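Asks: One structure is given below, represented as structure tokens, and several questions about it will come after.
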Amino acid sequence: MHPHIQRLLQCIDLEEKEQANRYKLDQTHSLKQLKAEGLALHPIVVTRKNFGYADYPEITFKLQFPPEANLFRDGAAIECFVTGEEPIKGVLLNLDGKNGEFRLFAPDFPDWIEDNGVGIKLAPDTRTTSIMKKTLLDLENNKPNYKLFEQLHDNNALLDHEQQHSNNNATFSNKGLNESQQQAVTAILNNEQVSIVHGPPGTGKTTTLIEAIVQLVQKGEKVLVAAPSNTAVDHLSKGLLQQGINLLRVGNATKVDEVIFNHTPEGKLNNSKALKEIKELKKRVEEFRRMALKYKRSFGKAEREQRNLLFKEVKSIRTEIKKLQHYNEERLFDDAQVIAGTPIGLYDAELGNRIFTTLVIDEAGQCIEPLAWCVFPLAEKIVLAGDHWQLPPTVLSNEAAILGFNRSILEVAIDKLQSASLLNIQYRMRKTIAGFSSSYFYNDLLHTAEHLADTGVHLTFIDTAGSGYNETHGPDGVSLQNEGELNIVRQLMEREQLDAQRTAFISPYSGQVVAAKEQLAKGLRISTIDSFQGQEKETIIVSLVRSNDDGTIGFLKDYRRMNVAITRAREQLFVIGDSATVGADPFYNQFLTYAEKHGTYRTVWEFDL
């Protein structure tokens, strides 16, 4: 077995063990601690129950307060629990502020689902890890993909083709593309194996991918679109639908907006004869289920046998429903020009022996390598799009991270492919705001569109050094916060007359975010940096939090997180921090020098302490 496959398998095991340890609820891991670490939502209030995809129970719920829950992403494995009962495994469908929805992998709702004290917590995603392991173990049997794997991981190998950047013969349906975007589209159209679109913040990566996919479809290609998150899949899907592409969105996401829903298997079958038949079968399932539930916890042998027979009938009808759905989905797969979903969603779709010409993975900088190999075998050619200088994939195990498990498929490929297409004009932020990232991360190759030339001061660093505004541990004793920096934010909002609706407060530390939600103005968007990747606001306030005598800056050391933070603002960027703590680090020292030269450098003494 290839040593890198062995290493990836080892990393998956380490990550599984870390998840199991991190998420368990026992005497050493109290519910209070899990909630403080953003690993549990409790208590939840059930607002709706229904049977959804494949007749699994689905629960809509609300929380008393919006949580800071970076890890509760759509598709996350969860367990629903209440004290004294066996927890039930499921999957989070979505979480938006105080409202969310999850699916349980059970034949029915538990009797206790609406009791007081019910919650959900993250659980090890054993299903995804088992699919990744199976894929890696099968990799050597797939010769084209194994050859690509060797090219990516053998020291002397380089991907052996040259991308064609000439666009003389291309006719672009989007006349607004700049030269670098046109070159990226042309490279995708001429791709023979792997093509990379490197899209720094605000450079129109989605616009570029949409144009390329439209062109591929016009050439007669059948295209797959994947991304690590459902949000990213839907964002790209909407753009393709606006171009008139016949798209099928797979993955059984139940809460999608109407535009996307109409292009899911369920949406496309709406009002069809097949759907009426499925609905009739579901009614029968519900009748049998209700009859079975007449027999509650205490009943005799005859009642138990009757209940078992009823549940057996329920199972039989559900199997019939699945067969009917599968038959109709096969037709939809055949008709679609583009099929879109997360890697696991595409894997689960059982696309069979269909040949797809091109697979496009968006946000590939957040896709761990084994997840990519789950879908690589589905297509002849691959396009990876993203930015490896923004946040990497989330990996919990430090041991696995040391072994390189948090190195995305984009990072792996960009080292070997000599001709990645860099999108080099950003259309989001003022020139000064983009300038530091362009210099530090993108070799001064990232330029600003002419209409975003500076019109005044757009970057401000507010230095808290010497103020005594030190970091503290939050009420949970774990997460960090800085009350003094929040005090500055309150005054800044008032003095600068910042519109809360057009402003976002972001911080690397969830403890600071929780405190900010309690103390700062209503209407202000408050988020961790990790949760804010891909978003933007007119004004951004960044709170660095770290302020101590040792110069310890923790995971501020991952400069990619800071790259995300300082590239979210369109007009005004305020960064609050302690120069004595962060300034000893070369990266932050360069940022402070840049802010002094190109923006405004203010001190805490201008504010009321």
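Just so we're on the same page: first chain in the structure tokens is A, next is B, and so on; residues restart at 1 for each chain, and ligands are numbered from 1 in the order they show up.
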Can you tell me, as a PyMOL selection string, what residues are no more than 12 Å from region 311-328 of chain A when counting only C-alpha atoms, ignoring any on the same chain fewer than 5 positions away?

Replies: chain A and resi 51-56+106-108+265-266+268-270+272-293+295+304-306+333-335+348-352

Asks: Using only C-alpha atoms, determine which residues lie at most 10 Å from Ala385 (chain A), disregarding the query and same-chain residues fewer than 2 positions distant; provide the list as a PyMOL selection string.

Replies: chain A and resi 195-199+205-206+208-209+227+360-365+382-383+387-388+410+420-421

Asks: Only N, CA, C and O atoms, please: the residues just picked out, written as a CSV table (one decimal), in the first residue's frame.

Replies:
chain,number,residue,atom,x,y,z
A,195,SER,N,-7.2,20.9,-13.4
A,195,SER,CA,-7.1,22.4,-13.6
A,195,SER,C,-7.4,23.1,-12.3
A,195,SER,O,-8.3,22.6,-11.6
A,196,ILE,N,-6.7,24.1,-12.0
A,196,ILE,CA,-6.9,24.8,-10.7
A,196,ILE,C,-7.2,26.3,-11.0
A,196,ILE,O,-6.6,27.0,-11.7
A,197,VAL,N,-8.3,26.7,-10.3
A,197,VAL,CA,-8.7,28.2,-10.3
A,197,VAL,C,-8.4,28.7,-8.9
A,197,VAL,O,-9.1,28.3,-8.0
A,198,HIS,N,-7.4,29.5,-8.8
A,198,HIS,CA,-7.0,30.1,-7.5
A,198,HIS,C,-7.7,31.5,-7.4
A,198,HIS,O,-7.4,32.4,-8.1
A,199,GLY,N,-8.7,31.5,-6.5
A,199,GLY,CA,-9.6,32.7,-6.4
A,199,GLY,C,-9.4,33.4,-5.0
A,199,GLY,O,-10.1,33.0,-4.1
A,205,LYS,N,-14.6,34.3,-8.3
A,205,LYS,CA,-14.4,32.8,-8.5
A,205,LYS,C,-15.7,32.2,-9.0
A,205,LYS,O,-15.7,31.4,-10.0
A,206,THR,N,-16.8,32.5,-8.3
A,206,THR,CA,-18.1,31.9,-8.7
A,206,THR,C,-18.5,32.2,-10.1
A,206,THR,O,-18.9,31.4,-10.9
A,208,THR,N,-16.6,33.1,-12.6
A,208,THR,CA,-15.7,32.4,-13.5
A,208,THR,C,-16.1,30.9,-13.7
A,208,THR,O,-16.2,30.4,-14.8
A,209,LEU,N,-16.4,30.3,-12.6
A,209,LEU,CA,-16.8,28.8,-12.6
A,209,LEU,C,-18.1,28.7,-13.4
A,209,LEU,O,-18.3,27.7,-14.2
A,227,ALA,N,-18.9,20.6,-3.5
A,227,ALA,CA,-18.2,21.6,-2.5
A,227,ALA,C,-18.4,20.9,-1.1
A,227,ALA,O,-19.3,20.2,-0.9
A,360,VAL,N,-16.2,19.6,-11.0
A,360,VAL,CA,-15.7,20.9,-10.4
A,360,VAL,C,-15.9,20.8,-8.9
A,360,VAL,O,-17.0,20.7,-8.4
A,361,ILE,N,-14.8,21.0,-8.2
A,361,ILE,CA,-14.9,21.1,-6.7
A,361,ILE,C,-14.6,22.5,-6.3
A,361,ILE,O,-13.5,23.0,-6.5
A,362,ASP,N,-15.7,23.2,-5.8
A,362,ASP,CA,-15.5,24.6,-5.3
A,362,ASP,C,-15.1,24.5,-3.9
A,362,ASP,O,-15.4,23.5,-3.2
A,363,GLU,N,-14.6,25.6,-3.4
A,363,GLU,CA,-14.1,25.7,-2.0
A,363,GLU,C,-13.2,24.5,-1.7
A,363,GLU,O,-13.2,23.9,-0.6
A,364,ALA,N,-12.3,24.2,-2.7
A,364,ALA,CA,-11.5,23.0,-2.5
A,364,ALA,C,-10.4,23.2,-1.4
A,364,ALA,O,-9.8,22.2,-0.9
A,365,GLY,N,-10.2,24.5,-1.0
A,365,GLY,CA,-9.3,24.8,0.0
A,365,GLY,C,-9.8,24.3,1.4
A,365,GLY,O,-9.0,24.3,2.4
A,382,ILE,N,-10.8,17.0,-13.7
A,382,ILE,CA,-11.1,17.6,-12.4
A,382,ILE,C,-10.7,19.1,-12.5
A,382,ILE,O,-9.6,19.4,-13.0
A,383,VAL,N,-11.6,19.9,-11.9
A,383,VAL,CA,-11.3,21.3,-11.7
A,383,VAL,C,-11.4,21.6,-10.2
A,383,VAL,O,-12.4,21.3,-9.6
A,387,ASP,N,-9.1,28.9,-2.5
A,387,ASP,CA,-7.9,29.7,-2.1
A,387,ASP,C,-7.3,29.1,-0.9
A,387,ASP,O,-7.8,29.1,0.2
A,388,HIS,N,-6.1,28.5,-1.1
A,388,HIS,CA,-5.4,27.8,0.0
A,388,HIS,C,-4.8,28.8,1.0
A,388,HIS,O,-4.2,28.4,2.0
A,410,LEU,N,-6.7,21.1,-2.4
A,410,LEU,CA,-6.2,22.2,-3.2
A,410,LEU,C,-4.7,22.5,-2.9
A,410,LEU,O,-3.9,22.6,-3.9
A,420,ALA,N,-1.5,26.9,-12.3
A,420,ALA,CA,-2.8,27.2,-11.7
A,420,ALA,C,-3.2,28.6,-12.2
A,420,ALA,O,-2.4,29.5,-12.4
A,421,SER,N,-4.5,28.8,-12.4
A,421,SER,CA,-5.0,30.1,-13.0
A,421,SER,C,-5.4,31.0,-11.8
A,421,SER,O,-6.3,30.8,-11.1

Asks: Measuring between only C-alpha atoms, which one of A:Leu592, A:Arg7, A:Glu399, A:Met1 shows the shortest distance to Tyr146 (chain A)?

Replies: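 The closest residue to Tyr146 (chain A) is A:Met1.
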
Asks: Counting only C-alpha atoms, which of A:Ala340, A:Ile541, A:Leu122, A:Ala521 gets nearest to Val375 (chain A)?

Replies: A:Ala340

Asks: Of the candidates A:Arg103, A:Arg22, A:Lys32, A:Arg407, which one gets nearest to Trp389 (chain A) if we count only C-alpha atoms?

Replies: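 Distance minimum relative to Trp389 (chain A) lands on A:Arg407.
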
Asks: Any idea what's packed within 8 Å of Ile344 (chain A), counting only C-alpha atoms, ignoring anything in its chain fewer than 4 positions away? Could you give it as a count of residues only?

Replies: 5
